[in-house]
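Asks: Sending over a structure as structure tokens; questions will come in a sec.
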Amino acid sequence: MTIVDIPGSKSITARGLFLAAAAHGTTVLSRPLRSDDSEGFAEGLLKLGYQVSRAPGEWTIEGRPEGPAVDSADVFCRDGATTARFLPALAAAGHGTFRFDASEQMRARPLGPLTDALLELGVDLTFEGTPGHHPLVVRAAGIKGGELTLDAGLSSQFLTALLLVGPLTAEGLRITVTDLVSVPYVEITIAMMRRFGVEVVRDGDTFVVPPTPYQACRYEIEPDASTSSYFFAAAALTGRSVTVPGLGEGALQGDLAFVEVLRQMGADVEVGPDAVTVTGTGGLRGVTVNMRDISDTVPTLAAIAPFADGPVRIEDVYNTRIKECDRLAACEENLRAMGVSVETGRDWIEIRPGTPSGALVKCRRDHRIAMAFSVTGLRTPGITLDDPGCVKKTFPGFHDALASLRTSWGI
């Protein structure tokens, strides 16, 4: 058994930063993720005038329920979707003029459902280029609140941004959702809001957020379940065993359900109170699986799918096409380059058994493509990445961690 220490959750770190900034008092985030995305979020808060102190293993944030401490700011959100979607909502609840821009990659990703909702709530928001995309300017004068309808079929982050800002509005929010992907991420948001003193009530497709003030706390961030998926997949693929401490039965992150997919494929899986162990059994079975709620782990499964004894079909994952890249197309392209038979549709991919050959993986600046196909390389000599550095978005030390695993296993 090999123990792997995984950095803190990207999703929980981003939500923790928002909640800490919005809360009364001083919040300490323990074991936050240090990566390009989370550092970008923290830098965005600093630009908006919040006090953020970053020490090793611990970040301290002074909350400002009234909003940004400056009356104008220009915030660059880098490649971070949570930064690009959450911070404009946070700023809108304050007072001042705030401009937000992002990388070309992030500029291409949609904001429309969120910005439409903010406009419906009376926020003065304008786009400098394509409507529904960065760059944008928020002329903030507080948010009254009220009722609205939201389509969260492209990203659950639109709903999360509104849930998070709800307690900062004068009257609270009542949000009815017409479509929703990645439900577990919304459940993370609601659980964390509860920890900061706000109870969201869900009635079917409607979420009711009271204008209850957030209260600061000390919050320990669990390891990132999406990042853990690569190491669990590595164990299943090679017949070895990996244990990730800090994740377990009470984990908030829905992506931990990826280990249940590995269980279906024949791996031994043990989910304990505070650790998860996956052990490969020497073979993988073909499966058909709906991954709508755990779509960030689609590339992980696609990368090990050729080694199964039957087809692996992943369904209901259209939203993976509008992530850092079109992940279904990226998986298809790279698997074909390895000589693997694969087909895709609008929201599915099917991968047939085969013996991948060495190839240059085109990462498309997407950390998940780079990390997933690095796992393929554990059983396929000659796998190289055209952009190995893109992993800095969520796990700068990924390649060292995988190399250490390879050494300990004698691969």
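Note on naming: chains are A, B, ... as they come in the structure tokens, residues start from 1 per chain, ligands start from 1 in the order shown.
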Considering only C-alpha atoms, return as a PyMOL selection string whatever protein or nucleic-acid residues lie within 12 Å of stretch 45-53 of chain A, sequence-local ones (same chain, fewer than 2 positions apart) excluded.

Replies: chain A and resi 14+17-23+25-29+38-43+55-77+83-84+86-88+90-92+94-100

Asks: Excluding A:Leu252 and residues on its chain fewer than 5 positions from it, collect all residues at most 10 Å away from it, counting only C-alpha atoms, and give them as number ranges by chain.

Replies: A: 9, 12, 184-185, 187-189, 191-192, 221-222, 225, 247

Asks: Keeping only N, CA, C and O atoms, write those residues as a compact mmCIF listing (two decimals), in the first residue's frame.

Replies:
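Below is the file that was written, part.txt:
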# COMPACT_ATOMS: atom_id res chain seq x y z
N SER A 9 -8.63 20.65 -1.75
CA SER A 9 -9.62 20.74 -2.82
C SER A 9 -9.67 22.14 -3.43
O SER A 9 -9.78 23.14 -2.72
N ILE A 12 -13.30 23.56 -2.77
CA ILE A 12 -13.52 23.98 -1.39
C ILE A 12 -12.69 25.21 -1.06
O ILE A 12 -13.14 26.12 -0.36
N PRO A 184 -23.39 17.46 -6.98
CA PRO A 184 -22.56 17.40 -5.76
C PRO A 184 -21.80 18.69 -5.46
O PRO A 184 -21.54 18.98 -4.28
N TYR A 185 -21.45 19.45 -6.48
CA TYR A 185 -20.74 20.71 -6.23
C TYR A 185 -21.65 21.73 -5.55
O TYR A 185 -21.20 22.54 -4.74
N GLU A 187 -24.03 20.82 -3.54
CA GLU A 187 -24.14 20.31 -2.17
C GLU A 187 -22.92 20.73 -1.33
O GLU A 187 -23.06 21.00 -0.13
N ILE A 188 -21.74 20.80 -1.94
CA ILE A 188 -20.56 21.33 -1.25
C ILE A 188 -20.83 22.77 -0.82
O ILE A 188 -20.58 23.16 0.34
N THR A 189 -21.35 23.56 -1.73
CA THR A 189 -21.63 24.97 -1.46
C THR A 189 -22.58 25.12 -0.27
O THR A 189 -22.32 25.90 0.66
N ALA A 191 -23.32 22.96 2.11
CA ALA A 191 -22.71 22.48 3.35
C ALA A 191 -21.74 23.51 3.91
O ALA A 191 -21.69 23.74 5.13
N MET A 192 -20.96 24.16 3.05
CA MET A 192 -19.99 25.15 3.52
C MET A 192 -20.70 26.42 4.00
O MET A 192 -20.28 27.03 4.99
N ILE A 221 -9.63 22.25 5.01
CA ILE A 221 -9.96 21.88 3.64
C ILE A 221 -9.49 20.46 3.35
O ILE A 221 -8.31 20.14 3.57
N GLU A 222 -10.40 19.63 2.90
CA GLU A 222 -10.06 18.23 2.63
C GLU A 222 -9.30 18.10 1.30
O GLU A 222 -9.35 19.00 0.45
N ALA A 225 -10.65 15.62 -4.34
CA ALA A 225 -11.09 14.31 -4.82
C ALA A 225 -10.85 14.13 -6.31
O ALA A 225 -10.56 13.02 -6.77
N LEU A 247 -9.56 11.94 3.04
CA LEU A 247 -10.85 11.71 2.38
C LEU A 247 -11.49 10.49 3.04
O LEU A 247 -10.80 9.57 3.45

Asks: So that I can see what lies close to A:Gly354, please list as an MDAnalysis selection string the residues with an atom at most 10 Å from it, counting only C-alpha atoms and leaving out residues fewer than 4 positions away in the same chain.

Replies: chainID A and resid 305:311 338:341

Asks: Can you spit out the residues from that selection as a PDB file, in the first residue's frame, using C-alpha atoms?

Replies:
ATOM      1  CA  ALA A 305     -10.510   2.749 -20.610  1.00  0.00           C
ATOM      2  CA  PRO A 306      -8.465   1.054 -23.386  1.00  0.00           C
ATOM      3  CA  PHE A 307      -7.132  -1.443 -20.842  1.00  0.00           C
ATOM      4  CA  ALA A 308     -10.609  -2.729 -19.923  1.00  0.00           C
ATOM      5  CA  ASP A 309     -11.838  -6.080 -21.244  1.00  0.00           C
ATOM      6  CA  GLY A 310     -14.854  -4.485 -22.941  1.00  0.00           C
ATOM      7  CA  PRO A 311     -16.056  -1.102 -24.167  1.00  0.00           C
ATOM      8  CA  MET A 338      -2.504   6.134 -29.525  1.00  0.00           C
ATOM      9  CA  GLY A 339      -4.253   3.786 -31.951  1.00  0.00           C
ATOM     10  CA  VAL A 340      -7.341   3.265 -29.785  1.00  0.00           C
ATOM     11  CA  SER A 341     -10.804   2.891 -31.336  1.00  0.00           C
TER      12      SER A 341
END

Asks: Rank nothing, just name the residue among A:Thr380, A:Ser241, A:Gln215, A:Thr206 nearest to A:Val276, using only C-alpha atoms.

Replies: A:Ser241

Asks: Skip A:Ala257 itself and residues of its chain fewer than 4 positions away, then list as a list in words all residues within 9 Å of it, counting only C-alpha atoms.

Replies: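 Here the answer would be Ala225, Gln253, Val261 and Ile294 of chain A.
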
Asks: Any chance you can output those residues with N, CA and C atoms as a tab-separated table (two decimals), in the first residue's frame?

Replies:
chain	number	residue	atom	x	y	z
A	225	ALA	N	-10.65	15.62	-4.34
A	225	ALA	CA	-11.09	14.31	-4.82
A	225	ALA	C	-10.85	14.13	-6.31
A	253	GLN	N	-16.90	16.17	-1.26
A	253	GLN	CA	-16.77	16.23	-2.72
A	253	GLN	C	-17.40	15.02	-3.42
A	261	VAL	N	-16.91	3.89	-9.61
A	261	VAL	CA	-16.74	3.47	-11.01
A	261	VAL	C	-15.62	2.45	-11.10
A	294	ILE	N	-20.11	13.76	-11.95
A	294	ILE	CA	-18.68	13.70	-11.64
A	294	ILE	C	-17.87	13.90	-12.93

Asks: Please provide as a ChimeraX atom specification all residues within 7 Å of A:Met265, with the sequence filter that same-chain residues fewer than 3 positions apart are discarded (counting only C-alpha atoms).

Replies: /A:261-262,284-287
